[in-house]
Number of protein chains: 2
Amino acid sequence: MPKKPALSPASAGPAPVPIYLISPSSAVPPDAPMDASLARMRAAGFEPVLDPGALRTAQRFAGSDAQRAGAFARAAAQPAQAVMITRGGYGLTRLLPSLDFRALARARKAWIGYSDFTAFQLAMLARARAVTWAGPALLDDFATEGDAPADETTVGALHDALAGRLEIVGFRASGPAGVDVRGTLWGGNLTVLCSLIGTPWFPRVKGGILFLEDVGEHPYRIERMLTQLLHAGVLDAQGAVLIGHVNRYRLVERDAGFDMPGVIRRLRTLTKTPIITGLPMGHASPKLTLPHGATVGLATEGRTAYLVLDEHDH
Amino acid sequence: MPKKPALSPASAGPAPVPIYLISPSSAVPPDAPMDASLARMRAAGFEPVLDPGALRTAQRFAGSDAQRAGAFARAAAQPAQAVMITRGGYGLTRLLPSLDFRALARARKAWIGYSDFTAFQLAMLARARAVTWAGPALLDDFATEGDAPADETTVGALHDALAGRLEIVGFRASGPAGVDVRGTLWGGNLTVLCSLIGTPWFPRVKGGILFLEDVGEHPYRIERMLTQLLHAGVLDAQGAVLIGHVNRYRLVERDAGFDMPGVIRRLRTLTKTPIITGLPMGHASPKLTLPHGATVGLATEGRTAYLVLDEHDH
């Protein structure tokens with residue numbers, strides 16, 4: 001390659017990081033901005049490789065259950081170290097009985113995603129004690145408006161995570177001061193997480209750092225689910241709870257002041273576990289890429305929370 | 001009383017049956033047709049008595065948690081044998097830790113309701129092995145359009161239940177033929193039921209007859225919840241599953257044929273437990289009044305299912 005100034009930022013940096021893209025949940029709609037998203041991923045320094053089943057459709061799913069389960073096996077067998085979902089939606093819980101989590105863990109891939117993918121991440125932790133990555137999805141985080149590049153923080157966090165450079169992450173937080181705990185980082189989408197309670201794919205984590213996000217659920221539904229976690233003893237058993245984005249719901253007149261801040265305030269009166277809001281995770285930007293199932297430290301200092309990642313754990 | 005023809009049907013029949021009305025969940029909205037509903041209840045042969053807290057409002061709830069919990073104690077102490085909810089909504093799971101289910105069971109009231117009330121009914125079964133009644137709610141079943149009286153079947157079933165005359169109930173059903181099982185009748189609103197999994201208020205019923213209804217939940221959400229019950233071993237442990245009304249959802253184009261009948265068809269391939277649809281229970285009319293927690297028989301014959309109630313059990 002001639003050493004003249006590169007035309008695109010990606011070609012000027014280090015070699016692009018290959019990411020294998022699978023669709024284990026809902027179908028990619030025909031009008032989804034796939035090409036633009038793949039282009040933005042390339043511009044951000046990644047080399048996306050589409051699984052042959054990624055654009056399949058069967059009813060609302062990205063192919064039959066068998067086809068979507070097959071995507072995991074193909075992802076485990078191909079050379080790219082990182083595997084990301086194209087999108088979430090619904091469909092993963094249907095696959096759980098047919099996935100061999102220990103075999104998938106042995107492939108030592110960096111499985112990346114969130115939302116419906118939470119079911120896979122919890123199952124990998126419960127059945128194989130495996131670390132996966134809570135992080136972006138192609139169509140959620142690389143399908144930006146117009147010509148804008150993908151969010152810089154999201155891209156940087158993903159690069160850092162995949163390069164093993166993630167050591168400490170700070171974010172503006174709200175909650176009790178002086179928190180200093182260490183435990184298994186786990187969680188994800190609240191609705192999906194609660195839908196696994198009582199099943200063999202719900203991990204039993206004590207002293208963990210539980211993170212939760214959700215989208216399109218009214219605060220009363222969020223509260224009902226948090227109440228389930230409380231009454232099931234899950235919240236009290238954790239070292240801390242981190243709340244990410246809870247958004248895209250609509251309050252109505254008869255809520256009469258009942259809202260998410262109130263839900264969190266009330267929850268804090270019901271458990272001694274510190275509850276910290278502001279985690280950049282969920283259906284919004286920016287989004288961190290965090291090691292689900294790894295031991296991490298969490299400390300709060302003023303209005304900032306720090307997640308400290310253990311080198312030995314991932 | 002002079003033996004001339006009565007002016008209203010109610011006054012011609014037996015003495016009206018007193019029913020004490022409580023609001024343990026969402027607030028009764030200011031514009032709810034309370035007077036018309038109470039009048040229809042009277043015309044149907046009941047004597048409604050409003051709990052003093054029934055029209056309270058605190059945010060979206062019918063009073064504070066303590067006030068709503070107090071309604072149960074007041075209902076247990078007053079003379080009417082039957083207690084019905086004015087409406088469901090959300091709020092009962094918040095009260096569960098503060099209710100003394102054994103004391104409430106000792107009051108030997110006929111607790112009647114459904115929807116959010118499912119949480120109370122499951123808890124009464126789990127903590128006190130008590131029978132409650134899955135049945136109408138004032139504003140759902142007596143607030144009919146215009147001048148129409150309350151649904152005749154709903155009213156008749158409620159009268160029969162409260163008079164101890166309920167021996168056999170037949171309804172048009174769909175499902176496997178030749179079902180003949182006997183077990184604890186339990187269940188209710190699917191969302192509320194699933195929100196208790198893992199908590200001390202979820203009853204562990206083996207060989208039961210589990211009935212489920214839901215409202216305003218897309219079939220993919222219904223499937224996710226049924227999948228949770230399947231994966232938690234609940235469905236396989238039952239003698240039969242009865243599906244009531246699942247309604248007021250909206251299919252969208254990307255569902256591409258994914259619908260409730262398909263959800264049921266798929267579920268039948270995943271469990272050997274007979275799944276029978278058509279139970280008149282849920283957010284629709286008519287609605288049966290059934291003994292939640294009692295031992296009942298269930299038999300199917302052609303397109304009809306029969307629930308046979310045990311005299312000794314309620």
# chains A, B, ... in the order shown; residues from 1 in each chain; ligands from 1
>>> interface_residues(of="chain B", to="chain A", cutoff="6 Å", atoms="only C-alpha atoms", output="count of residues only")
13
>>> residues_around(residues="Trp111 in chain B", least_positions_apart="3", cutoff="6 Å", atoms="only C-alpha atoms", output="JSON, numbers by chain")
{"B": [83, 132, 133]}
>>> write_last_selection(atoms="N, CA and C atoms", output="PDB file, in the first residue's frame")
ATOM      1  N   VAL B  83     -67.333 -10.674  48.384  1.00  0.00           N
ATOM      2  CA  VAL B  83     -66.528  -9.466  48.192  1.00  0.00           C
ATOM      3  C   VAL B  83     -66.075  -9.442  46.740  1.00  0.00           C
ATOM      4  N   THR B 132     -60.807 -18.943  46.245  1.00  0.00           N
ATOM      5  CA  THR B 132     -61.410 -17.645  45.924  1.00  0.00           C
ATOM      6  C   THR B 132     -62.199 -17.849  44.630  1.00  0.00           C
ATOM      7  N   TRP B 133     -62.826 -16.807  44.127  1.00  0.00           N
ATOM      8  CA  TRP B 133     -63.654 -16.970  42.940  1.00  0.00           C
ATOM      9  C   TRP B 133     -63.145 -16.127  41.783  1.00  0.00           C
TER      10      TRP B 133
END
>>> residues_around(residues="range 38-41 of chain B", least_positions_apart="4", cutoff="9 Å", atoms="only C-alpha atoms", output="list in words")
Pro33, Met34, Gly45, Phe46, Glu47, Pro48, Leu138, Leu139, Phe142, Ala143, Thr144, Ala148, Pro149, Ala150 and Val155 of chain B
>>> write_last_selection(atoms="N, CA and C atoms", output="PDB file, in the first residue's frame")
ATOM      1  N   PRO B  33     -68.719   4.782  35.061  1.00  0.00           N
ATOM      2  CA  PRO B  33     -70.182   4.732  35.265  1.00  0.00           C
ATOM      3  C   PRO B  33     -70.538   3.958  36.530  1.00  0.00           C
ATOM      4  N   MET B  34     -70.127   4.501  37.664  1.00  0.00           N
ATOM      5  CA  MET B  34     -70.360   3.795  38.930  1.00  0.00           C
ATOM      6  C   MET B  34     -71.843   3.621  39.226  1.00  0.00           C
ATOM      7  N   GLY B  45     -80.127  -8.601  40.974  1.00  0.00           N
ATOM      8  CA  GLY B  45     -80.405  -9.387  42.174  1.00  0.00           C
ATOM      9  C   GLY B  45     -79.315  -9.353  43.231  1.00  0.00           C
ATOM     10  N   PHE B  46     -78.432  -8.349  43.140  1.00  0.00           N
ATOM     11  CA  PHE B  46     -77.379  -8.224  44.150  1.00  0.00           C
ATOM     12  C   PHE B  46     -77.585  -6.928  44.927  1.00  0.00           C
ATOM     13  N   GLU B  47     -77.039  -6.881  46.112  1.00  0.00           N
ATOM     14  CA  GLU B  47     -77.093  -5.652  46.897  1.00  0.00           C
ATOM     15  C   GLU B  47     -75.671  -5.167  47.136  1.00  0.00           C
ATOM     16  N   PRO B  48     -75.172  -4.293  46.225  1.00  0.00           N
ATOM     17  CA  PRO B  48     -73.782  -3.851  46.353  1.00  0.00           C
ATOM     18  C   PRO B  48     -73.596  -2.900  47.535  1.00  0.00           C
ATOM     19  N   LEU B 138     -67.019  -5.260  39.071  1.00  0.00           N
ATOM     20  CA  LEU B 138     -68.143  -4.337  38.902  1.00  0.00           C
ATOM     21  C   LEU B 138     -68.096  -3.580  37.580  1.00  0.00           C
ATOM     22  N   LEU B 139     -66.986  -2.853  37.354  1.00  0.00           N
ATOM     23  CA  LEU B 139     -66.954  -1.946  36.204  1.00  0.00           C
ATOM     24  C   LEU B 139     -66.679  -2.667  34.887  1.00  0.00           C
ATOM     25  N   PHE B 142     -70.637  -5.046  34.832  1.00  0.00           N
ATOM     26  CA  PHE B 142     -71.956  -4.445  35.068  1.00  0.00           C
ATOM     27  C   PHE B 142     -72.070  -3.056  34.458  1.00  0.00           C
ATOM     28  N   ALA B 143     -71.007  -2.618  33.771  1.00  0.00           N
ATOM     29  CA  ALA B 143     -71.049  -1.312  33.115  1.00  0.00           C
ATOM     30  C   ALA B 143     -71.326  -1.505  31.626  1.00  0.00           C
ATOM     31  N   THR B 144     -72.467  -2.053  31.317  1.00  0.00           N
ATOM     32  CA  THR B 144     -72.796  -2.319  29.910  1.00  0.00           C
ATOM     33  C   THR B 144     -73.175  -1.034  29.201  1.00  0.00           C
ATOM     34  N   ALA B 148     -78.749  -1.529  28.460  1.00  0.00           N
ATOM     35  CA  ALA B 148     -78.760  -2.998  28.474  1.00  0.00           C
ATOM     36  C   ALA B 148     -78.479  -3.517  29.880  1.00  0.00           C
ATOM     37  N   PRO B 149     -79.149  -4.582  30.281  1.00  0.00           N
ATOM     38  CA  PRO B 149     -78.843  -5.183  31.580  1.00  0.00           C
ATOM     39  C   PRO B 149     -77.510  -5.921  31.510  1.00  0.00           C
ATOM     40  N   ALA B 150     -77.000  -6.303  32.661  1.00  0.00           N
ATOM     41  CA  ALA B 150     -75.762  -7.076  32.693  1.00  0.00           C
ATOM     42  C   ALA B 150     -75.981  -8.420  31.986  1.00  0.00           C
ATOM     43  N   VAL B 155     -74.375 -13.100  35.040  1.00  0.00           N
ATOM     44  CA  VAL B 155     -75.160 -12.922  36.263  1.00  0.00           C
ATOM     45  C   VAL B 155     -75.594 -14.273  36.827  1.00  0.00           C
TER      46      VAL B 155
END
>>> atom_distance(atom1="CA of Ala54 in chain B", atom2="CA of Ala134 in chain B")
19.7 Å
>>> atom_distance(atom1="CA of Gly53 in chain A", atom2="CA of Ala80 in chain A")
16.4 Å
>>> residues_around(residues="Leu125 in chain A", least_positions_apart="5", cutoff="7 Å", atoms="only C-alpha atoms", output="PyMOL selection string")
chain A and resi 130-131+203+293
>>> write_last_selection(atoms="all heavy atoms", output="tab-separated table (two decimals), in the first residue's frame")
chain	number	residue	atom	x	y	z
A	130	ALA	N	-20.27	-18.60	31.11
A	130	ALA	CA	-19.51	-17.94	30.06
A	130	ALA	C	-19.77	-16.44	30.04
A	130	ALA	O	-20.88	-15.99	30.28
A	130	ALA	CB	-19.87	-18.53	28.70
A	131	VAL	N	-18.72	-15.70	29.72
A	131	VAL	CA	-18.83	-14.25	29.55
A	131	VAL	C	-19.27	-13.95	28.12
A	131	VAL	O	-18.74	-14.51	27.16
A	131	VAL	CB	-17.48	-13.56	29.86
A	131	VAL	CG1	-17.52	-12.08	29.48
A	131	VAL	CG2	-17.12	-13.74	31.33
A	203	PRO	N	-29.70	-17.37	35.65
A	203	PRO	CA	-28.54	-17.62	36.51
A	203	PRO	C	-28.81	-17.24	37.96
A	203	PRO	O	-29.55	-16.29	38.22
A	203	PRO	CB	-27.46	-16.71	35.91
A	203	PRO	CG	-28.19	-15.66	35.17
A	203	PRO	CD	-29.53	-16.21	34.77
A	293	GLY	N	-21.37	-11.40	32.83
A	293	GLY	CA	-20.91	-12.64	33.45
A	293	GLY	C	-19.52	-12.54	34.04
A	293	GLY	O	-19.08	-13.46	34.74
>>> closest_residue(among="B:Ile85, B:Ala71, B:Ala294, B:Val179", to="Gly113 in chain B", atoms="only C-alpha atoms")
B:Ile85
>>> atom_distance(atom1="CA of Pro16 in chain A", atom2="CA of Gln67 in chain A")
28.6 Å
>>> select_by_dssp(residues="range 45-218 of chain A", states="strand (DSSP E)", output="PyMOL selection string")
chain A and resi 46-50+82-85+110-113+132-134+168-172+180-189+209-215
>>> residues_around(residues="range 297-308 of chain B", least_positions_apart="5", cutoff="12 Å", atoms="only C-alpha atoms", output="short mmCIF file (atom, residue, chain, number, x, y, z; two decimals) with all heavy atoms, in the first residue's frame")
data_model
loop_
_atom_site.label_atom_id
_atom_site.label_comp_id
_atom_site.auth_asym_id
_atom_site.auth_seq_id
_atom_site.Cartn_x
_atom_site.Cartn_y
_atom_site.Cartn_z
N ARG B 165 -74.76 -23.46 44.05
CA ARG B 165 -75.50 -24.28 43.09
C ARG B 165 -74.65 -24.69 41.90
O ARG B 165 -75.15 -25.35 40.98
CB ARG B 165 -76.70 -23.48 42.53
CG ARG B 165 -77.88 -23.33 43.46
CD ARG B 165 -79.09 -22.84 42.67
NE ARG B 165 -78.84 -21.58 41.98
CZ ARG B 165 -79.17 -20.37 42.47
NH1 ARG B 165 -79.76 -20.29 43.64
NH2 ARG B 165 -78.93 -19.28 41.80
N LEU B 166 -73.40 -24.23 41.87
CA LEU B 166 -72.55 -24.48 40.70
C LEU B 166 -72.07 -25.93 40.73
O LEU B 166 -71.25 -26.30 41.57
CB LEU B 166 -71.35 -23.52 40.74
CG LEU B 166 -70.72 -23.11 39.43
CD1 LEU B 166 -71.72 -22.35 38.57
CD2 LEU B 166 -69.53 -22.21 39.70
N GLU B 167 -72.59 -26.77 39.86
CA GLU B 167 -72.18 -28.17 39.87
C GLU B 167 -71.46 -28.57 38.61
O GLU B 167 -70.48 -29.30 38.63
CB GLU B 167 -73.39 -29.06 40.11
CG GLU B 167 -73.91 -28.91 41.53
CD GLU B 167 -75.18 -29.70 41.77
OE1 GLU B 167 -75.61 -30.43 40.87
OE2 GLU B 167 -75.74 -29.55 42.87
N ILE B 168 -71.96 -28.06 37.49
CA ILE B 168 -71.32 -28.38 36.22
C ILE B 168 -71.47 -27.20 35.28
O ILE B 168 -72.52 -26.55 35.25
CB ILE B 168 -71.90 -29.67 35.62
CG1 ILE B 168 -71.13 -30.09 34.37
CG2 ILE B 168 -73.38 -29.52 35.33
CD1 ILE B 168 -71.36 -31.55 33.99
N VAL B 169 -70.41 -26.88 34.56
CA VAL B 169 -70.42 -25.77 33.61
C VAL B 169 -69.93 -26.31 32.28
O VAL B 169 -68.83 -26.87 32.21
CB VAL B 169 -69.48 -24.63 34.07
CG1 VAL B 169 -69.51 -23.50 33.06
CG2 VAL B 169 -69.86 -24.14 35.45
N GLY B 170 -70.71 -26.14 31.26
CA GLY B 170 -70.28 -26.55 29.93
C GLY B 170 -70.01 -25.34 29.06
O GLY B 170 -70.65 -24.31 29.22
N PHE B 171 -69.04 -25.45 28.19
CA PHE B 171 -68.78 -24.34 27.25
C PHE B 171 -68.20 -24.90 25.96
O PHE B 171 -67.59 -25.97 25.95
CB PHE B 171 -67.85 -23.29 27.87
CG PHE B 171 -66.52 -23.82 28.35
CD1 PHE B 171 -65.42 -23.83 27.52
CD2 PHE B 171 -66.38 -24.34 29.65
CE1 PHE B 171 -64.20 -24.31 27.96
CE2 PHE B 171 -65.16 -24.82 30.09
CZ PHE B 171 -64.07 -24.82 29.24
N ARG B 172 -68.43 -24.15 24.88
CA ARG B 172 -67.94 -24.55 23.57
C ARG B 172 -66.42 -24.41 23.57
O ARG B 172 -65.89 -23.33 23.82
CB ARG B 172 -68.56 -23.67 22.50
CG ARG B 172 -68.33 -24.18 21.09
CD ARG B 172 -69.15 -23.39 20.07
NE ARG B 172 -68.74 -23.71 18.72
CZ ARG B 172 -69.13 -24.81 18.08
NH1 ARG B 172 -69.95 -25.67 18.66
NH2 ARG B 172 -68.69 -25.05 16.84
N ALA B 173 -65.74 -25.50 23.30
CA ALA B 173 -64.29 -25.51 23.45
C ALA B 173 -63.62 -26.07 22.21
O ALA B 173 -64.26 -26.69 21.36
CB ALA B 173 -63.91 -26.35 24.67
N SER B 174 -62.33 -25.88 22.13
CA SER B 174 -61.55 -26.46 21.05
C SER B 174 -60.29 -27.05 21.67
O SER B 174 -59.65 -26.44 22.52
CB SER B 174 -61.20 -25.36 20.04
OG SER B 174 -60.45 -25.88 19.00
N GLY B 175 -59.98 -28.27 21.24
CA GLY B 175 -58.81 -28.94 21.82
C GLY B 175 -58.97 -30.43 21.69
O GLY B 175 -59.89 -30.91 21.02
N PRO B 176 -58.08 -31.17 22.31
CA PRO B 176 -58.13 -32.63 22.19
C PRO B 176 -59.42 -33.21 22.75
O PRO B 176 -59.95 -32.71 23.74
CB PRO B 176 -56.92 -33.09 23.00
CG PRO B 176 -56.51 -31.94 23.84
CD PRO B 176 -56.97 -30.70 23.15
N ALA B 177 -59.92 -34.26 22.12
CA ALA B 177 -61.13 -34.93 22.60
C ALA B 177 -60.75 -35.92 23.70
O ALA B 177 -59.58 -36.29 23.85
CB ALA B 177 -61.80 -35.66 21.44
N GLY B 178 -61.75 -36.31 24.46
CA GLY B 178 -61.54 -37.38 25.44
C GLY B 178 -60.72 -36.99 26.64
O GLY B 178 -60.23 -37.84 27.38
N VAL B 179 -60.57 -35.70 26.88
CA VAL B 179 -59.87 -35.28 28.09
C VAL B 179 -60.77 -35.59 29.30
O VAL B 179 -61.98 -35.36 29.26
CB VAL B 179 -59.56 -33.76 28.05
CG1 VAL B 179 -59.01 -33.27 29.39
CG2 VAL B 179 -58.58 -33.46 26.92
N ASP B 180 -60.19 -36.15 30.32
CA ASP B 180 -60.95 -36.45 31.54
C ASP B 180 -59.97 -36.39 32.71
O ASP B 180 -59.30 -37.38 33.01
CB ASP B 180 -61.62 -37.83 31.42
CG ASP B 180 -62.57 -38.10 32.59
OD1 ASP B 180 -62.73 -37.20 33.45
OD2 ASP B 180 -63.13 -39.21 32.64
N VAL B 181 -59.87 -35.22 33.31
CA VAL B 181 -58.89 -35.02 34.38
C VAL B 181 -59.57 -34.38 35.58
O VAL B 181 -60.69 -33.87 35.50
CB VAL B 181 -57.70 -34.13 33.92
CG1 VAL B 181 -56.90 -34.82 32.82
CG2 VAL B 181 -58.19 -32.77 33.44
N ARG B 182 -58.86 -34.40 36.68
CA ARG B 182 -59.37 -33.84 37.92
C ARG B 182 -58.18 -33.24 38.66
O ARG B 182 -57.12 -33.85 38.76
CB ARG B 182 -59.96 -35.00 38.73
CG ARG B 182 -60.77 -34.60 39.92
CD ARG B 182 -61.38 -35.86 40.58
NE ARG B 182 -61.66 -35.56 41.96
CZ ARG B 182 -62.66 -34.77 42.34
NH1 ARG B 182 -63.49 -34.28 41.45
NH2 ARG B 182 -62.83 -34.47 43.61
N GLY B 183 -58.35 -32.02 39.14
CA GLY B 183 -57.25 -31.38 39.83
C GLY B 183 -57.62 -30.00 40.31
O GLY B 183 -58.78 -29.57 40.16
N THR B 184 -56.65 -29.32 40.89
CA THR B 184 -56.88 -27.97 41.42
C THR B 184 -57.05 -26.98 40.27
O THR B 184 -56.18 -26.86 39.42
CB THR B 184 -55.69 -27.53 42.30
OG1 THR B 184 -55.52 -28.48 43.35
CG2 THR B 184 -55.94 -26.15 42.89
N LEU B 185 -58.17 -26.28 40.27
CA LEU B 185 -58.39 -25.22 39.29
C LEU B 185 -57.65 -23.97 39.76
O LEU B 185 -57.88 -23.50 40.89
CB LEU B 185 -59.88 -24.93 39.16
CG LEU B 185 -60.28 -23.87 38.12
CD1 LEU B 185 -60.03 -24.39 36.71
CD2 LEU B 185 -61.73 -23.45 38.30
N GLY B 207 -50.61 -31.44 38.75
CA GLY B 207 -51.82 -32.09 38.28
C GLY B 207 -53.04 -31.19 38.28
O GLY B 207 -54.18 -31.67 38.32
N GLY B 208 -52.82 -29.92 38.22
CA GLY B 208 -53.92 -28.96 38.27
C GLY B 208 -54.55 -28.70 36.90
O GLY B 208 -54.11 -29.22 35.87
N ILE B 209 -55.59 -27.89 36.95
CA ILE B 209 -56.22 -27.40 35.73
C ILE B 209 -55.97 -25.90 35.72
O ILE B 209 -56.56 -25.14 36.49
CB ILE B 209 -57.72 -27.74 35.72
CG1 ILE B 209 -57.87 -29.28 35.71
CG2 ILE B 209 -58.41 -27.12 34.52
CD1 ILE B 209 -59.28 -29.76 35.96
N LEU B 210 -55.02 -25.51 34.86
CA LEU B 210 -54.54 -24.13 34.84
C LEU B 210 -55.31 -23.34 33.80
O LEU B 210 -55.31 -23.70 32.63
CB LEU B 210 -53.04 -24.12 34.51
CG LEU B 210 -52.36 -22.77 34.29
CD1 LEU B 210 -52.38 -21.92 35.55
CD2 LEU B 210 -50.93 -22.97 33.79
N PHE B 211 -55.97 -22.27 34.21
CA PHE B 211 -56.67 -21.43 33.24
C PHE B 211 -55.96 -20.09 33.09
O PHE B 211 -55.41 -19.55 34.06
CB PHE B 211 -58.15 -21.25 33.59
CG PHE B 211 -58.40 -20.44 34.84
CD1 PHE B 211 -58.68 -19.08 34.75
CD2 PHE B 211 -58.38 -21.03 36.09
CE1 PHE B 211 -58.92 -18.32 35.90
CE2 PHE B 211 -58.60 -20.29 37.23
CZ PHE B 211 -58.88 -18.93 37.14
N GLY B 239 -52.66 -31.13 34.70
CA GLY B 239 -53.52 -32.10 34.03
C GLY B 239 -54.13 -31.55 32.76
O GLY B 239 -54.40 -32.30 31.81
N ALA B 240 -54.34 -30.24 32.74
CA ALA B 240 -54.89 -29.58 31.55
C ALA B 240 -54.65 -28.08 31.66
O ALA B 240 -54.45 -27.55 32.76
CB ALA B 240 -56.38 -29.85 31.40
N VAL B 241 -54.67 -27.43 30.51
CA VAL B 241 -54.59 -25.97 30.46
C VAL B 241 -55.83 -25.46 29.73
O VAL B 241 -56.15 -25.96 28.65
CB VAL B 241 -53.31 -25.49 29.75
CG1 VAL B 241 -53.31 -23.98 29.58
CG2 VAL B 241 -52.07 -25.93 30.54
N LEU B 242 -56.51 -24.53 30.34
CA LEU B 242 -57.69 -23.91 29.73
C LEU B 242 -57.36 -22.48 29.34
O LEU B 242 -56.92 -21.70 30.17
CB LEU B 242 -58.84 -23.88 30.74
CG LEU B 242 -59.56 -25.19 31.05
CD1 LEU B 242 -60.54 -24.98 32.21
CD2 LEU B 242 -60.30 -25.68 29.81
N ILE B 243 -57.57 -22.16 28.08
CA ILE B 243 -57.29 -20.80 27.62
C ILE B 243 -58.61 -20.04 27.51
O ILE B 243 -59.54 -20.49 26.81
CB ILE B 243 -56.57 -20.82 26.25
CG1 ILE B 243 -55.32 -21.71 26.29
CG2 ILE B 243 -56.23 -19.39 25.81
CD1 ILE B 243 -54.16 -21.16 27.06
N PRO B 274 -52.99 -31.47 27.76
CA PRO B 274 -54.04 -31.01 26.84
C PRO B 274 -54.28 -29.50 27.00
O PRO B 274 -54.38 -29.01 28.13
CB PRO B 274 -55.29 -31.79 27.29
CG PRO B 274 -54.82 -32.87 28.18
CD PRO B 274 -53.48 -32.48 28.71
N ILE B 275 -54.35 -28.81 25.90
CA ILE B 275 -54.62 -27.36 25.91
C ILE B 275 -55.96 -27.13 25.24
O ILE B 275 -56.14 -27.46 24.07
CB ILE B 275 -53.49 -26.60 25.21
CG1 ILE B 275 -52.19 -26.83 25.97
CG2 ILE B 275 -53.81 -25.11 25.12
CD1 ILE B 275 -50.97 -26.28 25.30
N ILE B 276 -56.87 -26.57 26.00
CA ILE B 276 -58.26 -26.42 25.56
C ILE B 276 -58.60 -24.94 25.53
O ILE B 276 -58.44 -24.25 26.55
CB ILE B 276 -59.20 -27.19 26.51
CG1 ILE B 276 -58.87 -28.69 26.43
CG2 ILE B 276 -60.66 -26.93 26.18
CD1 ILE B 276 -59.26 -29.47 27.67
N THR B 277 -59.05 -24.44 24.40
CA THR B 277 -59.41 -23.03 24.30
C THR B 277 -60.93 -22.87 24.40
O THR B 277 -61.68 -23.82 24.20
CB THR B 277 -58.93 -22.43 22.97
OG1 THR B 277 -59.55 -23.13 21.89
CG2 THR B 277 -57.42 -22.55 22.83
N GLY B 278 -61.36 -21.66 24.71
CA GLY B 278 -62.78 -21.35 24.70
C GLY B 278 -63.38 -21.09 26.07
O GLY B 278 -64.60 -20.87 26.18
N LEU B 279 -62.58 -21.11 27.12
CA LEU B 279 -63.13 -20.87 28.46
C LEU B 279 -63.69 -19.45 28.55
O LEU B 279 -62.99 -18.49 28.25
CB LEU B 279 -62.03 -21.05 29.52
CG LEU B 279 -62.48 -20.83 30.97
CD1 LEU B 279 -63.37 -21.98 31.45
CD2 LEU B 279 -61.29 -20.66 31.90
N PRO B 280 -64.96 -19.31 28.97
CA PRO B 280 -65.53 -17.96 29.11
C PRO B 280 -64.98 -17.24 30.34
O PRO B 280 -65.64 -17.15 31.36
CB PRO B 280 -67.04 -18.21 29.23
CG PRO B 280 -67.25 -19.63 28.80
CD PRO B 280 -65.97 -20.34 29.17
N LEU B 288 -67.63 -16.63 33.41
CA LEU B 288 -68.03 -17.57 34.46
C LEU B 288 -67.53 -17.09 35.83
O LEU B 288 -66.70 -16.17 35.90
CB LEU B 288 -67.45 -18.96 34.17
CG LEU B 288 -67.90 -19.60 32.85
CD1 LEU B 288 -67.22 -20.96 32.67
CD2 LEU B 288 -69.43 -19.77 32.83
N THR B 289 -68.04 -17.70 36.86
CA THR B 289 -67.50 -17.51 38.21
C THR B 289 -67.06 -18.88 38.68
O THR B 289 -67.89 -19.78 38.87
CB THR B 289 -68.58 -16.92 39.15
OG1 THR B 289 -68.99 -15.65 38.64
CG2 THR B 289 -68.02 -16.73 40.55
N LEU B 290 -65.75 -19.05 38.82
CA LEU B 290 -65.19 -20.38 39.06
C LEU B 290 -64.36 -20.41 40.33
O LEU B 290 -63.67 -19.43 40.65
CB LEU B 290 -64.31 -20.79 37.87
CG LEU B 290 -65.03 -20.94 36.52
CD1 LEU B 290 -64.02 -21.17 35.41
CD2 LEU B 290 -66.04 -22.09 36.59
N PRO B 291 -64.37 -21.53 41.03
CA PRO B 291 -63.67 -21.62 42.32
C PRO B 291 -62.17 -21.83 42.16
O PRO B 291 -61.70 -22.95 41.95
CB PRO B 291 -64.33 -22.84 42.99
CG PRO B 291 -64.76 -23.69 41.84
CD PRO B 291 -65.09 -22.78 40.71
N ASP B 313 -65.70 -29.21 48.17
CA ASP B 313 -64.48 -28.42 48.15
C ASP B 313 -64.70 -26.94 48.36
O ASP B 313 -63.75 -26.20 48.54
CB ASP B 313 -63.76 -28.65 46.82
CG ASP B 313 -62.30 -28.87 47.04
OD1 ASP B 313 -61.99 -29.76 47.85
OD2 ASP B 313 -61.50 -28.16 46.43
#
>>> select_by_dssp(residues="range 82-151 of chain B", states="alpha helix (DSSP H)", output="list of chain:residue names")
B:Leu92, B:Thr93, B:Arg94, B:Leu95, B:Phe101, B:Arg102, B:Ala103, B:Leu104, B:Ala105, B:Arg106, B:Thr118, B:Ala119, B:Phe120, B:Gln121, B:Leu122, B:Ala123, B:Met124, B:Leu125, B:Ala126, B:Arg127, B:Ala128, B:Leu138, B:Leu139, B:Asp140, B:Asp141
